[in-house]
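**Student:** Shown below is the structure under consideration.
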Amino acid sequence: MGQKCIHCGEDCGSHPVMWDDKPFCCHGCKTVYQILNEKKLDKYYEIQPMSGIKIEQANVGNKYAYLDLDEIKEKLLGFSDGDISKVTLFIPTIHCASCIWLLENLYTINPAIVASNVNFPQKKATITFNNKQITLRQLVELLVSIHYVPEITLDQMDDEKGSSKSSRDLLLKIGVAGFSFMNVMLYNFPEYLPGGSNLSQLFINFFGYMSFVLALPVVFYCANDYYLSAIKGLRHKIVNIDVPITLGIFTLFVQSAYEIFTGQGIGYMDSLVGLVFFLLIGKWYQSKTYEALSFERDYKSYFPVAVTLLKDNKEETIPLSELKETDHILIRNQELIPADAKLVSGQAEIDYSFVTGESLPVNKKVGEVIFAGGRQVGSNIELEVIKSVDQSYLTQLWNQEYHKENGESQLNHLVNKVSEYFTFIVLSIAFAAGIYWLINDASLALFAFTSVLIIACPCALALTVPFTYGSTMREYGRKGFYLKNTDVIDNLRKIDTIVFDKTGTLTVNRSMNVEFVGETLSDEQLKAIKAVVANSSHPLSITVSEFIQLKPDVEVEQFKEIPSLGVTGLVNGVRVNVGSKKFVTGKEDDDPLSTNVYVFIDHKILGYFKIENQYRPGLKTVIDSLRDKYNLYLLSGDNDSERDNLRPVFGSDAVLKFNQSPTDKRDFIISLKAQGKKVLMIGDGLNDAGALMESDIGLTIADDIYSFSPACDGIIESSKFPILNKFINYTKVSFKIVVISFIISFIYNVVGISFAVSGAMSPLVAAILMPISSVSVVLFATSSVKITTKLFLKKDNSDT
């Protein structure tokens with residue numbers, strides 16, 4: 001045997017292609033290796049040695065020329081605005097950690113690629129690119145050149161049609177298999193009766209031939225998905241669960257065909273056809289069960305974003321799910337744009353970093369379209385909704401990891417490792433059982449061999465984590481605690497440190513006592529102040545805005561919000577600054593007894609709004625319940641006027657830090673993590689965005705007008721704050737359900753394989769039990785979560 005190719009691991013033969021003293025099996029592999037080394041991507045090979053895919057080099061020519069057509073690009077691109085476009089491509093050759101690493105580092109091969117993310121289970125890559133520097137066609141050709149060939153089909157352009165087509169195909173296969181199964185059983189019916197073997201040889205042969213004919217479409221059409229999956233896996237040196245199923249089907253088919261055509265009997269066609277029929281029924285039942293138990297947050301229950309609807313010159317807050325086409329909505333500074341819309345009025349500067357990873361704001365003119373997921377930077381704008389809300393799209397955006405790298409959880413890593421070796425163990429047991437019975441009782445060998453292959457299933461094991469944590473996430477959502485994904489639950493279970501922000505997190509935005517200290521303000525001045533602060537979603541801005549009862553009839557120009565300092569803008573050509581004393585006067589606040597918001601209009605400091613904080617109901621109960629289990633910290637951008645009030649709540653051991661800038665908060669989180677602590681940060685999402693991103697888990701608290709920060713991992717409704725400790729503690733209960741589900745799955749496989757090895761189980765029974773095992777574990781996990789959350793997450797009267 002010759003040398004192995006340094007790229008894909010294939011045998012190079014007697015005449016390897018050499019480059020830099022390294023052997024390659026072909027020029028395609030050498031080309032990819034050269035590209036990777038030229039762009040300093042050689043770490044690709046460190047992750048998994050010889051992990052590349054064998055290259056079949058070919059000149060693509062004009063194969064992808066159709067991607068230059070505008071109508072095709074419009075269907076494929078998920079986002080395109082200005083220079084930035086975004087596309088999601090299905091790449092079936094993604095097969096290992098190296099593939100993921102390479103595809104997520106495409107920007108080093110071509111700097112026109114802004115960002116790329118890989119969804120490994122779905123074999124999809126989402127790529128954001130500069131369409132002025134690289135076209136969609138050139139991007140696809142780049143992927144082809146490193147042999148990550150995307151499959152682009154019409155079904156991809158219409159996911160709903162593709163999904164329904166897949167469902168129809170499965171039902172058609174079930175119909176064909178069911179028809180064949182009933183007729184084959186009819187032909188085999190005499191064999192089931194005492195004396196059935198006394199049939200004349202002519203009838204036995206005839207029934208055998210008819211059974212064979214009816215089995216052909218079942219074996220070569222109905223079951224072909226299992227073969228294709230097994231072949232694709234083996235090509236990439238992956239032995240998946242479909243390999244033993246394929247082996248079992250063909251073993252029964254070949255043995256039965258041999259007996260039929262040699263005149264030895266009618267074979268096992270009834271078991272074979274029944275096996276495929278019940279496998280398909282199980283596949284259909286599993287899909288329907290998983291849909292019914294789906295933990296993905298749907299259109300209405302995603303996260304608590306409400307929108308401000310403009311109707312009859314009045315502002316009305318409505319849930320996002322009620323937003324319709326042609327509705328006019330108000331978007332404030334730093335608020336998320338929830339649906340594709342047209343700019344009606346205002347100065348729109350749209351930050352698309354949530355969508356593309358690029359933070360440079362894009363200027364929009366009246367009448368231009370603004371895509372969902374953008375964020376307004378500046379004063380209020382009015383939009384007209386032109387496309388219904390797609391919360392699945394917003395969910396996808398929230399799950400992107402442009403900023404935070406948590407990696408694969410240890411639990412998922414363990415499950416993947418077990419599943420990886422499971423199939424090899426099953427194949428070994430099946431062959432051992434077959435050989436044993438061939439020696440001792442050949443009549444049981446075939447059933448023992450195929451039954452072991454069919455009944456053993458790692459699916460129940462693999463589904464335990466996503467469905468237990470997914471169900472937990474769904475129940476949390478129903479109770480007002482919205483999480484980004486299932487990994488957040490496992491990470492929340494591991495935290496040992498909790499850091500709180502103060503304003504808007506521990507305090508109630510709309511229940512503060514406010515008074516103005518200073519010159520008497522005229523109606524014009526009050527309207528100007530309200531016009532400026534109304535553009536901000538900061539808790540103190542909201543408090544001042546609601547304190548002023550007058551309705552502003554003026555427009556704000558050149559609005560800016562400086563995190564942790566204040567807001568500024570021009571009203572009728574007059575500069576209005578509202579914020580901290582340092583922002584307005586340049587001096588530190590020397591009144592530590594209250595929170596003060598200063599006002600500057602037309603080169604003159606007029607005074608300040610004195611705000612007394614009111615803390616959330618149940619705060620002391622929550623802190624008391626957390627104090628013994630976690631290290632607690634408080635970080636606040638305000639002065640230390642509330643230190644004496646908060647010290648009895650947090651206790652003498654807690655660290656309370658005031659006058660903290662957003663950078664100070666972020667650096668403090670980094671220092672805690674450097675000490676090996678697992679940090680949960682609870683903040684307002686605006687001033688705390690940096691700290692939320694740096695923490696292991698970032699949560700924000702939402703009041704009745706909901707806000708949303710892409711930096712956070714979860715959002716808790718303010719009314720549910722009193723049971724925050726219960727949400728955190730329940731993650732440990734959820735983990736126990738995972739462990740119990742593992743045990744159930746393990747017991748099923750041990751007992752099932754034991755019966756199969758003994759030859760006491762037919763493949764038909766194994767085919768019925770296999771999907772039932774998966775569904776039963778899923779039902780146990782979801783029902784256990786539902787019952788325990790009802791018991792565990794009750795809101796005590798003492799909390800309110």
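Letters A, B, ... mark the chains of the structure tokens in the order given; residue numbers begin at 1 per chain; ligand numbers begin at 1, in order shown.
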Give me, as an MDAnalysis selection string, the residues of range 502-742 of chain A that a backbone DSSP run labels helix (DSSP H, G or I).

**Tutor:** chainID A and resid 523:533 539:547 581:585 619:627 640:650 662:674 689:694 718:742

**Student:** What's around range 478-488 of chain A at 6 Å? Count only C-alpha atoms, leave out sequence neighbours fewer than 3 positions away in its own chain, and write the answer as a list in words.

**Tutor:**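 Residues meeting the cut-off are Phe303, Tyr469, Gly470, Glu475, Asn491, Leu492, Asp713, Gly714, Ile715, Ile716 and Glu717 of chain A.
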
**Student:** I need the chosen residues saved as a compact mmCIF listing (two decimals), in the first residue's frame, with C-alpha atoms.

**Tutor:**
```
# COMPACT_ATOMS: atom_id res chain seq x y z
CA PHE A 303 -39.28 36.45 23.04
CA TYR A 469 -33.80 20.93 27.58
CA GLY A 470 -36.04 21.95 24.68
CA GLU A 475 -42.08 25.67 29.70
CA ASN A 491 -24.65 26.64 31.12
CA LEU A 492 -27.10 28.13 33.63
CA ASP A 713 -28.93 34.76 26.17
CA GLY A 714 -32.31 35.12 27.82
CA ILE A 715 -35.06 37.53 28.82
CA ILE A 716 -37.22 37.32 31.93
CA GLU A 717 -40.48 39.23 32.25
```

**Student:** Pick out the closest residue to Leu142 in chain A from this set: A:Ile127, A:Ile489, A:Leu170, A:Ile109. Count only C-alpha atoms.

**Tutor:** A:Ile109

**Student:** Just the residues within 12 Å of Tyr633 in chain A, please, counting only C-alpha atoms, with nothing from its chain fewer than 6 positions along; format it as a CSV table (one decimal) with all heavy atoms, in the first residue's frame.

**Tutor:**
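And here is the file that came out, around_28.csv:
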```
chain,number,residue,atom,x,y,z
A,496,ASP,N,-21.7,29.9,39.1
A,496,ASP,CA,-21.4,30.0,40.6
A,496,ASP,C,-21.4,31.5,41.0
A,496,ASP,O,-21.2,31.8,42.2
A,496,ASP,CB,-20.1,29.3,40.9
A,496,ASP,CG,-18.9,29.8,40.0
A,496,ASP,OD1,-18.9,30.9,39.6
A,496,ASP,OD2,-18.0,29.0,39.8
A,497,THR,N,-21.5,32.4,40.0
A,497,THR,CA,-21.4,33.8,40.3
A,497,THR,C,-22.5,34.6,39.6
A,497,THR,O,-22.8,34.3,38.4
A,497,THR,CB,-20.0,34.4,39.8
A,497,THR,OG1,-19.0,33.7,40.5
A,497,THR,CG2,-19.9,35.9,40.1
A,498,ILE,N,-23.2,35.5,40.3
A,498,ILE,CA,-24.2,36.3,39.6
A,498,ILE,C,-23.9,37.8,39.8
A,498,ILE,O,-23.7,38.2,40.9
A,498,ILE,CB,-25.6,36.0,40.2
A,498,ILE,CG1,-26.0,34.5,40.1
A,498,ILE,CG2,-26.7,36.8,39.6
A,498,ILE,CD1,-27.3,34.1,40.7
A,499,VAL,N,-23.9,38.5,38.7
A,499,VAL,CA,-23.7,40.0,38.7
A,499,VAL,C,-24.9,40.7,38.3
A,499,VAL,O,-25.5,40.4,37.2
A,499,VAL,CB,-22.5,40.3,37.8
A,499,VAL,CG1,-22.3,41.8,37.8
A,499,VAL,CG2,-21.2,39.6,38.2
A,500,PHE,N,-25.4,41.6,39.1
A,500,PHE,CA,-26.6,42.4,38.9
A,500,PHE,C,-26.3,43.8,38.5
A,500,PHE,O,-25.3,44.4,39.0
A,500,PHE,CB,-27.5,42.5,40.1
A,500,PHE,CG,-28.2,41.2,40.5
A,500,PHE,CD1,-27.6,40.4,41.4
A,500,PHE,CD2,-29.4,40.8,40.0
A,500,PHE,CE1,-28.2,39.2,41.8
A,500,PHE,CE2,-30.0,39.7,40.4
A,500,PHE,CZ,-29.4,38.8,41.3
A,501,ASP,N,-27.0,44.4,37.5
A,501,ASP,CA,-27.0,45.8,37.2
A,501,ASP,C,-28.1,46.4,38.1
A,501,ASP,O,-28.9,45.6,38.7
A,501,ASP,CB,-27.3,46.1,35.8
A,501,ASP,CG,-27.5,47.5,35.5
A,501,ASP,OD1,-26.7,48.3,35.9
A,501,ASP,OD2,-28.6,47.9,34.9
A,502,LYS,N,-28.1,47.7,38.3
A,502,LYS,CA,-29.1,48.3,39.2
A,502,LYS,C,-30.3,48.9,38.5
A,502,LYS,O,-31.4,48.3,38.5
A,502,LYS,CB,-28.5,49.3,40.2
A,502,LYS,CG,-29.5,49.9,41.2
A,502,LYS,CD,-28.9,50.9,42.1
A,502,LYS,CE,-28.6,52.2,41.5
A,502,LYS,NZ,-29.8,53.0,41.2
A,623,ILE,N,-32.7,37.7,46.5
A,623,ILE,CA,-31.3,37.8,46.9
A,623,ILE,C,-31.0,36.8,48.0
A,623,ILE,O,-30.0,36.1,48.0
A,623,ILE,CB,-30.9,39.2,47.3
A,623,ILE,CG1,-31.1,40.2,46.1
A,623,ILE,CG2,-29.5,39.3,47.7
A,623,ILE,CD1,-30.3,39.9,44.9
A,626,LEU,N,-30.5,33.3,46.8
A,626,LEU,CA,-29.3,33.1,46.0
A,626,LEU,C,-28.0,33.3,46.7
A,626,LEU,O,-27.0,32.8,46.3
A,626,LEU,CB,-29.3,34.1,44.8
A,626,LEU,CG,-30.5,34.0,43.8
A,626,LEU,CD1,-30.4,35.2,42.8
A,626,LEU,CD2,-30.4,32.7,43.0
A,627,ARG,N,-28.1,34.0,47.9
A,627,ARG,CA,-26.9,34.4,48.6
A,627,ARG,C,-26.0,33.2,49.0
A,627,ARG,O,-24.8,33.3,49.0
A,627,ARG,CB,-27.2,35.3,49.8
A,627,ARG,CG,-26.1,36.0,50.5
A,627,ARG,CD,-26.5,36.7,51.7
A,627,ARG,NE,-27.5,37.7,51.4
A,627,ARG,CZ,-28.4,38.1,52.4
A,627,ARG,NH1,-28.3,37.7,53.6
A,627,ARG,NH2,-29.2,39.1,52.1
A,646,LEU,N,-29.1,49.1,49.7
A,646,LEU,CA,-28.8,47.8,49.0
A,646,LEU,C,-27.9,46.9,49.9
A,646,LEU,O,-28.0,45.7,49.8
A,646,LEU,CB,-28.1,48.0,47.7
A,646,LEU,CG,-29.0,48.6,46.6
A,646,LEU,CD1,-28.2,49.0,45.4
A,646,LEU,CD2,-30.1,47.6,46.2
A,647,ARG,N,-27.1,47.5,50.8
A,647,ARG,CA,-26.3,46.7,51.6
A,647,ARG,C,-27.0,45.7,52.5
A,647,ARG,O,-26.7,44.5,52.5
A,647,ARG,CB,-25.4,47.6,52.5
A,647,ARG,CG,-24.5,46.8,53.5
A,647,ARG,CD,-23.5,45.8,52.7
A,647,ARG,NE,-22.5,46.5,51.9
A,647,ARG,CZ,-21.7,45.9,51.1
A,647,ARG,NH1,-21.9,44.6,50.8
A,647,ARG,NH2,-20.9,46.6,50.4
A,649,VAL,N,-29.8,44.3,51.8
A,649,VAL,CA,-30.4,43.3,50.9
A,649,VAL,C,-29.3,42.3,50.4
A,649,VAL,O,-29.6,41.1,50.4
A,649,VAL,CB,-31.0,44.0,49.6
A,649,VAL,CG1,-31.5,43.0,48.6
A,649,VAL,CG2,-32.1,44.9,50.1
A,650,PHE,N,-28.2,42.8,50.0
A,650,PHE,CA,-27.1,41.9,49.5
A,650,PHE,C,-26.3,41.2,50.5
A,650,PHE,O,-25.6,40.2,50.3
A,650,PHE,CB,-26.2,42.7,48.5
A,650,PHE,CG,-26.8,42.8,47.1
A,650,PHE,CD1,-27.7,43.8,46.8
A,650,PHE,CD2,-26.4,41.9,46.1
A,650,PHE,CE1,-28.3,43.9,45.5
A,650,PHE,CE2,-27.0,42.0,44.8
A,650,PHE,CZ,-27.9,43.0,44.5
A,651,GLY,N,-26.2,41.8,51.7
A,651,GLY,CA,-25.4,41.3,52.8
A,651,GLY,C,-24.0,41.9,52.8
A,651,GLY,O,-23.6,42.6,51.8
A,652,SER,N,-23.3,41.7,53.9
A,652,SER,CA,-22.0,42.3,54.1
A,652,SER,C,-20.9,41.8,53.2
A,652,SER,O,-19.9,42.4,52.9
A,652,SER,CB,-21.6,42.2,55.6
A,652,SER,OG,-21.5,40.8,55.9
A,653,ASP,N,-21.1,40.5,52.7
A,653,ASP,CA,-20.0,39.9,51.9
A,653,ASP,C,-20.1,40.3,50.4
A,653,ASP,O,-19.1,40.1,49.7
A,653,ASP,CB,-20.1,38.4,52.0
A,653,ASP,CG,-19.9,37.9,53.4
A,653,ASP,OD1,-19.2,38.6,54.1
A,653,ASP,OD2,-20.4,36.8,53.8
A,654,ALA,N,-21.2,40.8,50.0
A,654,ALA,CA,-21.4,41.1,48.5
A,654,ALA,C,-20.6,42.3,48.2
A,654,ALA,O,-20.4,43.3,49.0
A,654,ALA,CB,-22.8,41.3,48.2
A,655,VAL,N,-20.1,42.3,46.9
A,655,VAL,CA,-19.3,43.5,46.4
A,655,VAL,C,-20.3,44.4,45.7
A,655,VAL,O,-20.9,44.0,44.7
A,655,VAL,CB,-18.2,43.0,45.5
A,655,VAL,CG1,-17.5,44.3,44.9
A,655,VAL,CG2,-17.2,42.2,46.3
A,656,LEU,N,-20.4,45.7,46.1
A,656,LEU,CA,-21.3,46.7,45.4
A,656,LEU,C,-20.4,47.7,44.8
A,656,LEU,O,-19.7,48.4,45.5
A,656,LEU,CB,-22.2,47.3,46.5
A,656,LEU,CG,-23.0,46.3,47.3
A,656,LEU,CD1,-24.0,47.1,48.3
A,656,LEU,CD2,-23.8,45.3,46.5
A,657,LYS,N,-20.4,47.9,43.5
A,657,LYS,CA,-19.6,48.8,42.8
A,657,LYS,C,-20.5,49.8,42.1
A,657,LYS,O,-21.3,49.4,41.3
A,657,LYS,CB,-18.6,48.1,41.8
A,657,LYS,CG,-17.7,47.1,42.5
A,657,LYS,CD,-16.8,46.4,41.5
A,657,LYS,CE,-15.7,47.2,41.0
A,657,LYS,NZ,-14.6,47.4,41.9
A,658,PHE,N,-20.2,51.1,42.3
A,658,PHE,CA,-21.0,52.2,41.7
A,658,PHE,C,-20.1,53.0,40.7
A,658,PHE,O,-18.9,52.8,40.7
A,658,PHE,CB,-21.6,53.1,42.8
A,658,PHE,CG,-22.6,52.4,43.6
A,658,PHE,CD1,-22.1,51.7,44.8
A,658,PHE,CD2,-23.9,52.3,43.3
A,658,PHE,CE1,-23.0,51.0,45.6
A,658,PHE,CE2,-24.8,51.6,44.1
A,658,PHE,CZ,-24.4,51.0,45.3
A,665,LYS,N,-17.8,47.7,33.5
A,665,LYS,CA,-18.6,46.5,33.7
A,665,LYS,C,-18.1,45.3,32.9
A,665,LYS,O,-18.0,44.2,33.4
A,665,LYS,CB,-20.1,46.7,33.3
A,665,LYS,CG,-20.8,47.8,34.2
A,665,LYS,CD,-22.2,48.0,33.7
A,665,LYS,CE,-22.9,49.1,34.6
A,665,LYS,NZ,-24.3,49.3,34.1
A,668,PHE,N,-14.9,44.0,34.4
A,668,PHE,CA,-15.1,43.3,35.7
A,668,PHE,C,-15.5,41.9,35.4
A,668,PHE,O,-15.1,40.9,36.1
A,668,PHE,CB,-16.1,44.0,36.5
A,668,PHE,CG,-16.3,43.5,37.9
A,668,PHE,CD1,-15.3,43.7,38.9
A,668,PHE,CD2,-17.4,42.7,38.2
A,668,PHE,CE1,-15.5,43.1,40.1
A,668,PHE,CE2,-17.6,42.1,39.5
A,668,PHE,CZ,-16.6,42.4,40.4
A,669,ILE,N,-16.4,41.7,34.4
A,669,ILE,CA,-16.8,40.3,34.0
A,669,ILE,C,-15.7,39.5,33.5
A,669,ILE,O,-15.5,38.3,33.9
A,669,ILE,CB,-17.9,40.4,33.0
A,669,ILE,CG1,-19.2,41.1,33.5
A,669,ILE,CG2,-18.3,39.0,32.5
A,669,ILE,CD1,-19.9,40.4,34.6
A,672,LEU,N,-13.6,38.3,36.4
A,672,LEU,CA,-14.2,37.2,37.2
A,672,LEU,C,-14.0,35.9,36.4
A,672,LEU,O,-13.7,34.8,37.0
A,672,LEU,CB,-15.7,37.5,37.3
A,672,LEU,CG,-16.1,38.5,38.3
A,672,LEU,CD1,-17.6,38.7,38.3
A,672,LEU,CD2,-15.7,38.2,39.8
A,679,VAL,N,-20.1,32.9,35.2
A,679,VAL,CA,-20.7,34.2,35.5
A,679,VAL,C,-22.1,34.3,34.8
A,679,VAL,O,-22.2,34.2,33.6
A,679,VAL,CB,-19.8,35.4,35.2
A,679,VAL,CG1,-20.5,36.7,35.5
A,679,VAL,CG2,-18.5,35.3,35.8
A,680,LEU,N,-23.1,34.6,35.6
A,680,LEU,CA,-24.4,35.1,35.1
A,680,LEU,C,-24.5,36.6,35.3
A,680,LEU,O,-24.4,37.0,36.4
A,680,LEU,CB,-25.5,34.3,35.8
A,680,LEU,CG,-26.9,34.9,35.6
A,680,LEU,CD1,-27.4,34.9,34.2
A,680,LEU,CD2,-27.9,34.2,36.6
A,681,MET,N,-24.7,37.3,34.2
A,681,MET,CA,-24.9,38.8,34.3
A,681,MET,C,-26.3,39.1,34.0
A,681,MET,O,-26.9,38.6,33.0
A,681,MET,CB,-24.0,39.4,33.2
A,681,MET,CG,-24.2,40.9,33.1
A,681,MET,SD,-23.6,41.9,34.5
A,681,MET,CE,-24.3,43.5,34.1
A,682,ILE,N,-26.9,39.9,34.8
A,682,ILE,CA,-28.3,40.3,34.6
A,682,ILE,C,-28.3,41.9,34.5
A,682,ILE,O,-28.0,42.6,35.4
A,682,ILE,CB,-29.2,39.9,35.8
A,682,ILE,CG1,-29.1,38.4,36.0
A,682,ILE,CG2,-30.7,40.3,35.5
A,682,ILE,CD1,-29.9,37.9,37.2
```

**Student:** Determine, counting only C-alpha atoms, which protein, DNA and RNA residues have an atom within 6 Å of an atom of range 310-327 of chain A; residues of the same chain fewer than 2 positions away are not included. Present the result as number ranges by chain.

**Tutor:** A: 300, 306-308, 329, 384-388
